[in-house]
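Q: Mind looking over this structure? Questions follow.
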Amino acid sequence: MTIHFTGTMLLQGIVSGLLSGGVYAMIALGMALIFGVMRVINVAHGTLLMLGGYVTYWLFALYGMNPFLSLLISFPLLFVVGLLLQRFFVSRVVGAPELSSLILTFGLSIFITNVAVMSWTSDYRSVEFLTGSFLLGPIAISKPRLVTFGFALLITVAAFVFLNKTKTGKAIRATSQHRELAQVCGINVRRIDLITFGLASALAGAGGSLISVMYSIFPEMGRGYVFKSFLVIVLGGAGNYPGAFLGGLLLGVVEGLTSLLLTAQLSEVIAYVLLVLVLLIRPTGLLGGRT
Amino acid sequence: MKIIKALILAVSSIVFVAGPIFAQAPIKIGASISLTGTYAKLGSYTQDGYLMCAKEVNEKGGLLGRKLEFVVYDDRSDPPTAIKLYEKLITEDKVELVMGPYSSPITKAAATVSEKYKKIMMASLAAETAIWEQGYKYLFMTISPAEVYMQGLVELAAERGLKTIAIITEDTSFALAAGQGTADLAKKKGMQVVLHEPYPKGTTDFSGLLIKLKALNPDVISGGTYFDDSVAITRQMKELDVNPKMFGATVGGDVPDFGKQLGNTAEYVYGSTQWAENLQYPGVKDFINNYKKLYNREFSYHAPAGWGACQIFAEGIRRAKSLDSDKIREQLLKLKITTAFGDYQVDERGFQIAHKMVLIQWQDGKRVTVWPSNLAEAKPRYPTPAWSARK
């Protein structure tokens with residue numbers, strides 16, 4: 001039997017893709033910040049996301065806390081975890097060749113994941129909080145994804161306001177544009193590194209909290225998001241933060257439409273084909289990255 | 001020289017006859033099991049089954065007058081590690097027998113080692129048919145193969161005159177085989193397979209696939225799933241308002257956590273299992289009581305499967321009256337036996353042909369056996385109501 005793709009189906013695919021893309025964008029923004037400021041590719045980003053997921057899970061399982069309310073705890077908690085990681089580990093490889101940071105954060109991610117396995121076992125868990133959908137005519141809009149998208153958007157916009165309007169935020173962008181020059185201008189780049197890593201970890205943690213409402217929580221849940229974030233950063237242009245946001249939404253839609261029109265197996269293939277095309281045609285990303 | 005040999009023989013036979021039971025060294029059985037990593041939980045049930053079996057065999061006087069003793073290592077859910085561990089068990093620890101690890105992919109890897117050293121491997125938890133198509137001589141199967149996992153779902157659907165089925169499976173060996181088996185069974189019953197599509201391992205977002213399913217609106221959806229994907233698919237079917245008359249998921253649908261994670265959303269979902277607590281096999285009640293006494297926790301079919309495989313192996317050895325691989329093999333090939341885990345009989349490849357699958361359905365938060373009818377606790381709740389019609 002052949003499937004006749006109707007406009008409704010396509011629209012449904014795009015809506016579902018956009019809703020997933022919002023979370024990708026938020027998580028990728030964190031990774032983009034770290035890369036922009038420190039030139040560190042943080043492979044451990046996914047494990048920080050996983051920690052955020054467990055914060056939400058345990059607060060929900062033990063105290064029945066609303067998973068969206070638990071963002072108020074996972075965000076600052078992961079900020080602190082990020083600060084500590086930066087202070088004791090990552091600060092040592094800032095400025096070193098990029099391979100050093102890759103190895104370090106890879107090691108950290110293995111360590112943290114295994115601690116999670118030992119502490120909480122490798123069981124899959126989930127937060128059964130919001131299920132089902134709103135039906136807008138023939139289009140189904142998933143309730144957990146809609147709310148998740150809303151929060152991801154809110155947090156991402158707040159992060160942009162912080163980066164554009166506050167003094168610290170401007171210092172982060174300045175450091176990202178030119179580290180030495182920023183230092184010469186009196187910016188304490190070590191402090192900016194700390195704040196950046198904290199903020200990025202908090203964004204990952206918030207991502208974990210939000211994802212836990214949609215998908216299962218387990219120690220290796222973050223792995224796929226590292227690759228997705230990497231893809232989003234390249235799509236949007238390395239160091240270009242609004243680009244990361246756009247890239248996230250785009251990735252969500254591409255994945256959604258590929259698994260709809262072709263097969264689910266091809267959705268990652270197509271995403272990476274897109275990556276190669278962007279690198280060939282617009283090597284600085286869709287919105288143009290920092291050179 | 002002859003005199004010395006005769007003397008040794010005489011002395012040893014005196015020891016054998018006159019000595020207490022277990023005067024000889026125990027029979028060491030080696031196994032690598034996934035105690036950490038992805039398969040950790042299911043592997044731990046397998047280990048429980050093995051150890052419980054050894055304890056029971058020893059309480060009844062052991063095997064060939066010797067005690068059974070397991071040597072177990074953790075393969076971290078990793079096939080290459082299992083290969084190294086079986087090498088070590090056989091060559092360094094000098095175990096006399098080996099039992100299989102948990103899961104098809106790890107058994108597939110480990111069997112290359114047992115075969116090399118001509119050791120019988122009693123595979124307790126491998127369901128992939130292809131493993132028995134390699135021409136291995138010493139590998140025996142305990143559980144039903146992947147292809148028949150969804151036989152119950154297809155038969156129930158055909159009885160109700162359903163015409164169309166969609167099959168979605170993870171793109172790994174067991175799930176693909178389960179999907180193919182389901183498709184073949186459905187076609188035999190005159191059903192039309194409207195979609196048969198694999199998805200990559202680790203997929204979390206099934207929207208695209210489910211939108212297609214929604215448009216095709218098949219009577220039955222059958223998932224060749226493990227645990228995480230079965231939960232995600234069920235949840236997203238609700239989100240996208242996909243409403244088949246029957247929906248079944250191979251592995252995940254049967255796991256106790258499926259209901260725990262999904263709550264009400266799990267209702268009406270079918271799952272398949274190798275074993276259930278209410279089955280009328282001999283010794284089922286004893287197994288359940290002994291297990292709870294020993295480990296004090298809930299379990300899935302992996303525990304009785306491990307236990308059953310070990311009991312079958314022991315029976316083969318008793319009949320062979322020897323630990324010689326070829327003699328045991330001969331007995332295991334002709335053995336027909338029903339344990340608390342169910343029926344055992346293999347064909348000339350060592351491939352399981354007697355053990356039966358059962359189909360369960362989630363009813364009021366519990367797994368209820370609904371097929372085959374002679375083992376069913378209740379009738380299936382049919383059809384599955386649309387999501388919007390549920391409370």
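Going by the structure tokens order, chains are called A, B, ..., each with residues numbered from 1, while ligands are numbered from 1 in the order shown.
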Would you mind listing what lies within 10 Å of Ala186 (chain B) as a PyMOL selection string, with only C-alpha atoms counted and same-chain residues fewer than 6 positions away left out?

A: chain B and resi 150-151+153-155+157-158+163-165+180+192-193

Q: With only C-alpha atoms counted and 10 Å as the cut-off, give the residues of region 135-197 of chain A in contact with region 232-245 of chain A, each with its shortest interatomic distance in Å and the pair that gives it, as a Markdown table.

A:
```
| residue | atom | partner | partner_atom | distance |
| --- | --- | --- | --- | --- |
| A:Leu153 | CA | A:Phe245 | CA | 9.5 |
| A:Thr156 | CA | A:Phe245 | CA | 8.2 |
| A:Val157 | CA | A:Phe245 | CA | 9.7 |
| A:Phe160 | CA | A:Pro242 | CA | 8.2 |
| A:Leu163 | CA | A:Tyr241 | CA | 9.5 |
| A:Arg173 | CA | A:Gly239 | CA | 9.2 |
| A:Ser176 | CA | A:Gly239 | CA | 7.3 |
| A:Gln177 | CA | A:Gly239 | CA | 8.2 |
```

Q: When you draw a straight line from CA of Asp48 (chain B) to CA of Val98 (chain B), how long is it in Å?

A: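 If I compute the distance from CA of Asp48 (chain B) to CA of Val98 (chain B), I get 16.0 Å.
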
Q: Using only C-alpha atoms, determine which residues lie at most 6 Å from Leu78 (chain A), disregarding the query and same-chain residues fewer than 6 positions distant; provide the list as a compact mmCIF listing (two decimals) with C-alpha atoms, in the first residue's frame.

A:
```txt
# COMPACT_ATOMS: atom_id res chain seq x y z
CA SER A 201 25.72 23.33 32.15
CA ALA A 202 22.55 24.91 33.50
CA GLY A 205 20.45 20.53 32.91
```

Q: May I ask for the distance between CA of Asp75 (chain B) and CA of Tyr39 (chain B), given in Å to one decimal place?

A: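 About the pair CA of Asp75 (chain B) and CA of Tyr39 (chain B): they are 9.9 Å apart.
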
Q: Using only C-alpha atoms and a cut-off of 7 Å, which residues of chain A sit close to chain B? Please list them as a VMD selection string.

A: chain A and resid 1 3 9 13 16 122 124 to 126 128 131 to 133 140 142 215 to 216 256 to 257 259 to 260 264 to 265

Q: Restricting the calculation to only C-alpha atoms, which member of A:Arg282, A:Ala206, A:Val213, A:Tyr54 is positioned closest to Val117 (chain A)?

A: A:Tyr54

Q: Excluding Ala271 (chain A) and residues on its chain fewer than 3 positions from it, collect all residues at most 9 Å away from it, counting only C-alpha atoms, and give them as a list of chain:residue names.

A: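 After dropping sequence-adjacent residues, the list is A:Leu231, A:Leu251, A:Val254, A:Glu255, A:Thr258, A:Leu266, A:Ser267, A:Glu268, A:Leu274, A:Leu275, A:Val276.
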
Q: May I have the selected residues written with N, CA and C atoms, as a PDB file, in the first residue's frame?

A:
```pdb
ATOM      1  N   LEU A 231      25.900  19.184  15.578  1.00  0.00           N
ATOM      2  CA  LEU A 231      25.301  19.435  14.265  1.00  0.00           C
ATOM      3  C   LEU A 231      24.661  20.820  14.216  1.00  0.00           C
ATOM      4  N   LEU A 251      17.011  21.494  12.532  1.00  0.00           N
ATOM      5  CA  LEU A 251      17.310  20.070  12.710  1.00  0.00           C
ATOM      6  C   LEU A 251      16.051  19.290  13.089  1.00  0.00           C
ATOM      7  N   VAL A 254      13.906  18.928   9.949  1.00  0.00           N
ATOM      8  CA  VAL A 254      14.503  17.997   8.978  1.00  0.00           C
ATOM      9  C   VAL A 254      14.325  16.553   9.441  1.00  0.00           C
ATOM     10  N   GLU A 255      14.612  16.317  10.728  1.00  0.00           N
ATOM     11  CA  GLU A 255      14.449  14.957  11.260  1.00  0.00           C
ATOM     12  C   GLU A 255      13.006  14.493  11.132  1.00  0.00           C
ATOM     13  N   THR A 258      12.035  13.893   7.423  1.00  0.00           N
ATOM     14  CA  THR A 258      12.701  12.741   6.813  1.00  0.00           C
ATOM     15  C   THR A 258      12.053  11.444   7.257  1.00  0.00           C
ATOM     16  N   LEU A 266      16.714   6.895   7.847  1.00  0.00           N
ATOM     17  CA  LEU A 266      17.427   7.892   7.047  1.00  0.00           C
ATOM     18  C   LEU A 266      17.502   9.252   7.730  1.00  0.00           C
ATOM     19  N   SER A 267      16.748   9.442   8.825  1.00  0.00           N
ATOM     20  CA  SER A 267      16.652  10.795   9.360  1.00  0.00           C
ATOM     21  C   SER A 267      18.007  11.327   9.820  1.00  0.00           C
ATOM     22  N   GLU A 268      18.835  10.445  10.406  1.00  0.00           N
ATOM     23  CA  GLU A 268      20.159  10.929  10.809  1.00  0.00           C
ATOM     24  C   GLU A 268      21.062  11.137   9.604  1.00  0.00           C
ATOM     25  N   LEU A 274      22.909  17.245   5.281  1.00  0.00           N
ATOM     26  CA  LEU A 274      22.654  18.679   5.397  1.00  0.00           C
ATOM     27  C   LEU A 274      23.893  19.386   5.956  1.00  0.00           C
ATOM     28  N   LEU A 275      24.493  18.752   6.967  1.00  0.00           N
ATOM     29  CA  LEU A 275      25.698  19.304   7.579  1.00  0.00           C
ATOM     30  C   LEU A 275      26.807  19.471   6.545  1.00  0.00           C
ATOM     31  N   VAL A 276      27.019  18.420   5.751  1.00  0.00           N
ATOM     32  CA  VAL A 276      28.077  18.470   4.742  1.00  0.00           C
ATOM     33  C   VAL A 276      27.774  19.564   3.711  1.00  0.00           C
TER      34      VAL A 276
END
```

Q: From the list A:Ile141, A:Ala152, A:Val184, A:Met31, which residue is nearest Ser209 (chain A) when using only C-alpha atoms?

A: A:Ala152

Q: Could you give me, as an MDAnalysis selection string, each residue of region 148-376 of chain B that DSSP assigns to alpha helix (DSSP H) when run on this structure's backbone?

A: chainID B and resid 151:159 173:188 207:216 227:239 256:262 284:295 302:320 325:334

Q: Within region 47-189 of chain A, find each residue whose DSSP state, derived from the backbone, is strand (DSSP E), and express the selection as number ranges by chain.

A: A: 133-136, 139-142

Q: Give me the residues near Arg179 (chain A) as a ChimeraX atom specification, where near means some atom within 12 Å (using only C-alpha atoms) and where sequence neighbours in that chain fewer than 5 positions away do not count.

A: /A:36-39,94-95,171-174,184-190,192-193

Q: Okay, now the selection with C-alpha atoms, as a CSV table (one decimal), in the first residue's frame?

A:
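Below is the file that was written, selection_38.csv:
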```csv
chain,number,residue,atom,x,y,z
A,36,GLY,CA,32.6,30.2,21.5
A,37,VAL,CA,34.3,31.4,24.7
A,38,MET,CA,36.9,28.7,25.3
A,39,ARG,CA,37.3,26.8,22.1
A,94,VAL,CA,41.6,26.2,27.9
A,95,GLY,CA,44.0,27.5,25.3
A,171,ALA,CA,31.7,40.3,28.5
A,172,ILE,CA,30.9,36.7,27.5
A,173,ARG,CA,30.3,37.8,23.9
A,174,ALA,CA,33.4,40.0,23.9
A,184,VAL,CA,43.3,43.7,27.5
A,185,CYS,CA,40.1,45.6,27.9
A,186,GLY,CA,40.0,44.5,31.6
A,187,ILE,CA,37.7,41.6,31.3
A,188,ASN,CA,38.6,38.8,33.8
A,189,VAL,CA,38.4,36.0,31.2
A,190,ARG,CA,38.9,33.3,33.9
A,192,ILE,CA,34.0,34.6,32.3
A,193,ASP,CA,35.0,31.0,31.6
```

Q: Tell me, in Å to one decimal, how far CA of Trp58 (chain A) is from CA of Ser70 (chain A).

A: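 Atom-to-atom, CA of Trp58 (chain A) and CA of Ser70 (chain A) are spaced 9.8 Å apart.
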
Q: Between B:Lys336, B:Arg66, B:Arg329, B:Ser103, single out the one closest to Tyr226 (chain B), counting only C-alpha atoms.

A: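 Smallest separation from Tyr226 (chain B) among the options: B:Ser103.
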
Q: So that I can check the surroundings of Gly248 (chain B), please list as a list in words every protein, DNA and RNA residue that reaches within 10 Å of it, counting only C-alpha atoms and ignoring chain neighbours fewer than 6 positions away.

A: Met150, Gly152, Leu153, Val154, Ile167, Val220, Ile221, Ser222, Gly223, Gly224, Thr225, Ser230, Thr234, Asp254, Tyr268, Val269, Tyr270, Gly271, Ser272, Leu359, Ile360 and Gln361 of chain B

Q: Using only C-alpha atoms, can you tell me which of B:Glu277, B:Tyr291, B:Gly61, B:Leu51 comes closest to Glu377 (chain B)?

A: B:Glu277
